[in-house]
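Notes follow the structure.
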Amino acid sequence: MNRREFIKHTTAAVAGTSLLLSACNKKTESSPTASAKGEMSKRINPNTGDEVSLLGYGMMRLPGKEVAEGAPYELDQAVINELVDYALEHGVNYFDTAPVYCRGLSEQATGTALARHPRNKYFVATKLSNFSPDTWSREESMAMFERSLKYLQTDYVDYLLLHSVGGTAAGKNSIQTFEGRYIDNGILDWLVEQKAKGRIRNLGFSYHGDVNIFDMLLRWHDEGKYHWDFVQIQLNFLDWNHAKVQSAGNTNASYLYAELEKRGIPSIVMEPLLGGRLAKQPAHILREMKQKDIHATPAEWAFRYAGTPKGILTVLSGMTYMEHLKENCATYSPLRPITPEEDRMLMQLADAICNLKAIPCTACNYCMPCPYGIDIPAVFGYYNACLTEGLLPEGDKHDTAYRKAKKKWLVGYDKKVERMRQADHCIGCKHCLSHCPQRINIPAQMQMIDNIAEQLKQS
């Protein structure tokens, strides 16, 4: 569905703008949860009446400690405690974690930080991350859920998600993968039972990948087979219309949001910054943003956009540093909804960003570890940064400026990615393909980046 059809479908008043505008207009006219100046904006969960902060804390990129070579990885619990304390003090009350985050340490760190506060002051979300077939059995999936409760130091979870629905396991399509993870083992029915017992307050899923799975689960909702209390989707001003263009097989956020909104299912937003990509803009796009608001950062624009639709319950941000937490809290305290004029600008900028042809990696690390040691997110991150900043060498290979640019690119590559972990070590084994929620052809992109590096070395 294109944007014009989508707006017509939702009876938006202003033709040519995104659904965010109609959502914004409706919310600001009638929302009972509008915040006073300086207070965190909140949204009401229609299923439970929970008053949820519009900014949610994604516990996916928590700060780690510097450890000696060969020593086990550790998270910095003291810093995490400080971040959680600041978040709660400034109105953030939704914390999203998963068994697989931060090399398996996120739930424990999240539980330790939150347990220092009254249980009724926050909502905690975690996931059933039974990705690999060796965790598909009923016993293993049940054990994963029980460990989550133990690590989070709670006897109930406020929001439980079937994790990354729509992906595929090796040798299986998306339907077979979903059935193996949740249906054949009876685990979805077991989770419904846990909800009835009060051990899960809201049951939903996070979606990536095959849209047929998304549509199937919503049909089940319509038929009364399973009730989804919420759904987590990737939504930002680039993916609103360009998710399909960014990566074949992805689904535009405009469609996902519309399908949930017409059913009254609250949406939770992930990747509002696309793993940080939307926080770093090339000069010509940054100029356009500054002309509209000289003080606003690219991140602020992206967060305002993601938080504007009335059907959004919370917008997750993986905030590693206190400066990011403070900036995002300020953006939503309270939210300044995107105006029709601002929406038109962002849609135009999304067209321009899409034309940069960046690799749609969000640095989620689901593809890691690579069997051959490649740091996939770091390789893609360096390539995208060079693309955004115009650092790819171009022009006459004998020109002094070209030679300087070439040297800068190669030296920067070695600084950002260890040589033994660069793209040239990819053998195309395709181990990573089934794990990537963005459906990136990782081996092909590694070959492309390696070709650039080799051409620069030879020139």
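In the structure tokens, the first chain shown is A, the next is B, and so on; residue numbers restart at 1 for each chain, and ligands run from 1 in the order shown.
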* To do: Assign secondary structure with DSSP using the backbone only, and return the residues of stretch 310-340 of chain A in strand (DSSP E or B) as number ranges by chain.
  => A: 312-317, 332, 335
Determine, for each residue of stretch 79-190 of chain A having at least one atom at most 10 Å from an atom of stretch 319-340 of chain A, the closest pair of atoms and their separation in Å to one decimal, counting only C-alpha atoms; order by chain and ascending number, as a Markdown table.
| residue | atom | partner | partner_atom | distance |
| --- | --- | --- | --- | --- |
| A:Val79 | CA | A:Met322 | CA | 9.0 |
| A:Ile80 | CA | A:Thr320 | CA | 8.6 |
| A:Glu82 | CA | A:Met322 | CA | 8.6 |
| A:Leu83 | CA | A:Met322 | CA | 6.4 |
| A:Val84 | CA | A:Leu325 | CA | 9.6 |
| A:Tyr86 | CA | A:Leu325 | CA | 8.3 |
| A:Ala87 | CA | A:Leu325 | CA | 7.3 |
| A:His90 | CA | A:Cys329 | CA | 7.0 |
| A:Gly91 | CA | A:Cys329 | CA | 8.1 |
| A:Val92 | CA | A:Cys329 | CA | 7.8 |
For A:Asn252: contacts at 6 Å, only C-alpha atoms, fewer than 3 positions along chain excluded, given as a short mmCIF file (atom, residue, chain, number, x, y, z; two decimals) with N, CA and C atoms, in the first residue's frame:
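selection.cif written:
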data_model
loop_
_atom_site.label_atom_id
_atom_site.label_comp_id
_atom_site.auth_asym_id
_atom_site.auth_seq_id
_atom_site.Cartn_x
_atom_site.Cartn_y
_atom_site.Cartn_z
N ASP A 239 12.14 3.86 7.11
CA ASP A 239 11.43 2.61 6.86
C ASP A 239 9.94 2.79 6.63
N TRP A 240 9.44 4.00 6.88
CA TRP A 240 8.00 4.22 6.66
C TRP A 240 7.62 3.86 5.23
N ASN A 241 8.39 4.30 4.27
CA ASN A 241 8.11 3.99 2.87
C ASN A 241 9.22 3.23 2.17
N ALA A 243 11.47 0.62 3.53
CA ALA A 243 12.02 -0.63 4.07
C ALA A 243 12.23 -1.65 2.96
N TYR A 255 2.71 0.01 6.35
CA TYR A 255 1.78 -1.13 6.29
C TYR A 255 1.64 -1.79 7.66
#
* Polymer residues at most 9 Å from A:Ala283, only C-alpha atoms, same-chain spacing of 4 or more positions, as a PyMOL selection string -> chain A and resi 287-288+388-389
Saved selection, atoms kept: C-alpha atoms, as a compact mmCIF listing (two decimals), in the first residue's frame:
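And here's out_2.txt as it stands now:
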# COMPACT_ATOMS: atom_id res chain seq x y z
CA ARG A 287 21.49 21.43 6.41
CA GLU A 288 17.83 20.76 5.57
CA THR A 388 27.32 9.06 4.68
CA GLU A 389 30.35 11.31 5.15
* Quick one: residues within 12 Å of A:Phe380, only C-alpha atoms counted, chain neighbours fewer than 5 positions away excluded, as number ranges by chain? -> A: 275, 277, 358-365, 374-375, 385-387, 413, 416-417, 421-423, 440-450
If you keep C-alpha atoms, can you produce a file of those selected residues as a short mmCIF file (atom, residue, chain, number, x, y, z; two decimals), in the first residue's frame?
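Done, and the output landed in result_3.cif:
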data_model
loop_
_atom_site.label_atom_id
_atom_site.label_comp_id
_atom_site.auth_asym_id
_atom_site.auth_seq_id
_atom_site.Cartn_x
_atom_site.Cartn_y
_atom_site.Cartn_z
CA GLY A 275 21.03 1.28 14.83
CA ARG A 277 22.29 5.40 11.12
CA ALA A 358 23.69 2.29 2.56
CA ILE A 359 23.64 -1.26 3.90
CA PRO A 360 20.56 -1.53 6.18
CA CYS A 361 22.48 -2.95 9.15
CA THR A 362 21.21 -1.91 12.59
CA ALA A 363 24.14 -3.45 14.52
CA CYS A 364 21.78 -5.79 16.36
CA ASN A 365 24.56 -8.43 16.42
CA ILE A 374 34.48 -11.40 10.88
CA ASP A 375 33.09 -8.40 12.80
CA ALA A 385 29.87 5.93 7.81
CA CYS A 386 32.18 6.51 4.83
CA LEU A 387 29.20 6.56 2.49
CA TYR A 413 39.33 0.63 7.98
CA LYS A 416 37.75 0.50 13.02
CA VAL A 417 38.02 -3.21 12.22
CA ARG A 421 38.04 -9.53 11.23
CA GLN A 422 37.64 -7.66 7.94
CA ALA A 423 35.51 -8.53 4.92
CA ILE A 440 20.76 -8.53 4.25
CA ASN A 441 22.72 -10.69 1.82
CA ILE A 442 25.73 -10.48 4.11
CA PRO A 443 28.21 -12.54 2.02
CA ALA A 444 27.44 -10.46 -1.09
CA GLN A 445 27.91 -7.20 0.79
CA MET A 446 31.17 -8.48 2.31
CA GLN A 447 32.41 -9.28 -1.19
CA MET A 448 31.48 -5.78 -2.36
CA ILE A 449 33.33 -4.10 0.52
CA ASP A 450 36.36 -6.35 0.06
#
* Pick out each residue of stretch 50-260 of chain A that DSSP on the backbone tags as alpha helix (DSSP H); I need them as a PyMOL selection string. => chain A and resi 77-89+106-114+138-152+174-178+187-196+211-223+239-246+253-260
* To do: Considering only C-alpha atoms, return as a list in words whatever protein or nucleic-acid residues lie within 8 Å of stretch 222-232 of chain A, sequence-local ones (same chain, fewer than 6 positions apart) excluded.
  => Asn47, Asn202, Leu203, Gly204, Phe205, Ser206, Tyr207, Leu260, Ile265, Pro266, Ser267, Ile268, Val269 and Met270 of chain A
* To do: Please provide as a VMD selection string all residues within 9 Å of stretch 162-169 of chain A, with the sequence filter that same-chain residues fewer than 2 positions apart are discarded (counting only C-alpha atoms).
  => chain A and resid 98 126 to 133 160 171 to 178 182 188 203 to 214 433 to 437 439
Can I get the selection written as an mmCIF file, in the first residue's frame, with N, CA and C atoms?
data_model
loop_
_atom_site.group_PDB
_atom_site.id
_atom_site.type_symbol
_atom_site.label_atom_id
_atom_site.label_comp_id
_atom_site.auth_asym_id
_atom_site.auth_seq_id
_atom_site.Cartn_x
_atom_site.Cartn_y
_atom_site.Cartn_z
ATOM 1 N N ALA A 98 16.154 -9.255 26.724
ATOM 2 C CA ALA A 98 15.975 -10.558 26.091
ATOM 3 C C ALA A 98 17.094 -11.487 26.544
ATOM 4 N N THR A 126 10.495 -8.948 28.288
ATOM 5 C CA THR A 126 11.539 -9.836 27.799
ATOM 6 C C THR A 126 10.943 -10.740 26.732
ATOM 7 N N LYS A 127 11.768 -11.654 26.225
ATOM 8 C CA LYS A 127 11.372 -12.386 25.021
ATOM 9 C C LYS A 127 11.665 -13.875 25.168
ATOM 10 N N LEU A 128 10.950 -14.659 24.372
ATOM 11 C CA LEU A 128 11.297 -16.067 24.234
ATOM 12 C C LEU A 128 12.184 -16.168 23.003
ATOM 13 N N SER A 129 13.486 -16.185 23.235
ATOM 14 C CA SER A 129 14.478 -16.108 22.156
ATOM 15 C C SER A 129 14.962 -17.513 21.760
ATOM 16 N N ASN A 130 14.035 -18.410 21.501
ATOM 17 C CA ASN A 130 14.393 -19.781 21.131
ATOM 18 C C ASN A 130 14.679 -19.857 19.625
ATOM 19 N N PHE A 131 15.760 -19.216 19.215
ATOM 20 C CA PHE A 131 16.087 -19.112 17.792
ATOM 21 C C PHE A 131 16.561 -20.425 17.186
ATOM 22 N N SER A 132 17.509 -21.080 17.830
ATOM 23 C CA SER A 132 18.140 -22.252 17.236
ATOM 24 C C SER A 132 17.321 -23.505 17.536
ATOM 25 N N PRO A 133 17.296 -24.475 16.602
ATOM 26 C CA PRO A 133 16.490 -25.691 16.786
ATOM 27 C C PRO A 133 16.768 -26.434 18.084
ATOM 28 N N LEU A 160 5.679 -9.996 27.394
ATOM 29 C CA LEU A 160 6.444 -11.136 26.914
ATOM 30 C C LEU A 160 6.271 -11.226 25.401
ATOM 31 N N GLY A 171 17.651 -24.300 6.549
ATOM 32 C CA GLY A 171 16.930 -25.392 5.911
ATOM 33 C C GLY A 171 15.424 -25.335 6.054
ATOM 34 N N LYS A 172 14.889 -24.282 6.663
ATOM 35 C CA LYS A 172 13.447 -24.176 6.858
ATOM 36 C C LYS A 172 12.955 -22.804 6.402
ATOM 37 N N ASN A 173 11.713 -22.757 5.905
ATOM 38 C CA ASN A 173 11.132 -21.463 5.560
ATOM 39 C C ASN A 173 10.545 -20.818 6.815
ATOM 40 N N SER A 174 9.999 -19.627 6.662
ATOM 41 C CA SER A 174 9.547 -18.877 7.836
ATOM 42 C C SER A 174 8.368 -19.553 8.543
ATOM 43 N N ILE A 175 7.469 -20.166 7.785
ATOM 44 C CA ILE A 175 6.323 -20.845 8.403
ATOM 45 C C ILE A 175 6.800 -22.050 9.210
ATOM 46 N N GLN A 176 7.671 -22.851 8.607
ATOM 47 C CA GLN A 176 8.199 -24.026 9.308
ATOM 48 C C GLN A 176 8.976 -23.618 10.557
ATOM 49 N N THR A 177 9.717 -22.517 10.448
ATOM 50 C CA THR A 177 10.475 -22.035 11.595
ATOM 51 C C THR A 177 9.546 -21.605 12.720
ATOM 52 N N PHE A 178 8.511 -20.859 12.385
ATOM 53 C CA PHE A 178 7.562 -20.409 13.407
ATOM 54 C C PHE A 178 6.871 -21.599 14.061
ATOM 55 N N TYR A 182 7.102 -22.425 18.103
ATOM 56 C CA TYR A 182 5.983 -22.072 18.976
ATOM 57 C C TYR A 182 4.749 -22.965 18.898
ATOM 58 N N LEU A 188 3.303 -21.975 22.582
ATOM 59 C CA LEU A 188 2.456 -20.786 22.528
ATOM 60 C C LEU A 188 1.224 -20.974 23.409
ATOM 61 N N LEU A 203 0.928 -10.381 26.187
ATOM 62 C CA LEU A 203 1.599 -11.320 25.290
ATOM 63 C C LEU A 203 1.581 -10.769 23.872
ATOM 64 N N GLY A 204 2.746 -10.716 23.244
ATOM 65 C CA GLY A 204 2.839 -10.193 21.886
ATOM 66 C C GLY A 204 4.018 -10.810 21.162
ATOM 67 N N PHE A 205 4.432 -10.159 20.079
ATOM 68 C CA PHE A 205 5.582 -10.660 19.326
ATOM 69 C C PHE A 205 6.329 -9.495 18.697
ATOM 70 N N SER A 206 7.618 -9.721 18.451
ATOM 71 C CA SER A 206 8.398 -8.751 17.686
ATOM 72 C C SER A 206 8.553 -9.308 16.276
ATOM 73 N N TYR A 207 8.403 -8.437 15.292
ATOM 74 C CA TYR A 207 8.334 -8.892 13.903
ATOM 75 C C TYR A 207 9.531 -8.412 13.094
ATOM 76 N N HIS A 208 10.115 -9.352 12.363
ATOM 77 C CA HIS A 208 11.118 -9.081 11.335
ATOM 78 C C HIS A 208 10.906 -10.112 10.231
ATOM 79 N N GLY A 209 11.108 -9.713 8.996
ATOM 80 C CA GLY A 209 11.187 -10.724 7.943
ATOM 81 C C GLY A 209 9.939 -10.899 7.118
ATOM 82 N N ASP A 210 9.456 -12.147 7.027
ATOM 83 C CA ASP A 210 8.400 -12.535 6.106
ATOM 84 C C ASP A 210 7.059 -11.938 6.539
ATOM 85 N N VAL A 211 6.483 -11.106 5.679
ATOM 86 C CA VAL A 211 5.218 -10.450 6.013
ATOM 87 C C VAL A 211 4.072 -11.448 6.077
ATOM 88 N N ASN A 212 4.221 -12.601 5.442
ATOM 89 C CA ASN A 212 3.163 -13.610 5.516
ATOM 90 C C ASN A 212 2.939 -14.081 6.950
ATOM 91 N N ILE A 213 4.007 -14.139 7.743
ATOM 92 C CA ILE A 213 3.873 -14.507 9.154
ATOM 93 C C ILE A 213 3.112 -13.418 9.909
ATOM 94 N N PHE A 214 3.488 -12.177 9.663
ATOM 95 C CA PHE A 214 2.810 -11.040 10.294
ATOM 96 C C PHE A 214 1.317 -11.083 9.992
ATOM 97 N N LEU A 433 23.082 -15.737 7.331
ATOM 98 C CA LEU A 433 21.899 -15.289 6.598
ATOM 99 C C LEU A 433 20.599 -15.504 7.360
ATOM 100 N N SER A 434 20.443 -16.648 7.965
ATOM 101 C CA SER A 434 19.178 -16.941 8.650
ATOM 102 C C SER A 434 19.020 -16.145 9.935
ATOM 103 N N HIS A 435 20.095 -15.511 10.402
ATOM 104 C CA HIS A 435 20.033 -14.766 11.673
ATOM 105 C C HIS A 435 19.758 -13.276 11.480
ATOM 106 N N CYS A 436 19.880 -12.767 10.260
ATOM 107 C CA CYS A 436 19.763 -11.322 10.039
ATOM 108 C C CYS A 436 18.306 -10.890 9.924
ATOM 109 N N PRO A 437 17.785 -10.109 10.882
ATOM 110 C CA PRO A 437 16.388 -9.665 10.804
ATOM 111 C C PRO A 437 16.136 -8.668 9.668
ATOM 112 N N ARG A 439 17.397 -9.083 6.708
ATOM 113 C CA ARG A 439 17.453 -9.907 5.500
ATOM 114 C C ARG A 439 18.512 -9.397 4.515
#
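Interatomic distance, atom CA of A:Leu356 against atom CA of A:Leu316: 25.6 Å.
Between A:Leu54 and the residues A:Phe303, A:Tyr151, A:Trp190, A:Trp220, the shortest atom-to-atom distance, using only C-alpha atoms, involves A:Phe303.
Picture a line from atom CA of A:Asp351 to atom CA of A:Leu238; it runs 7.8 Å.
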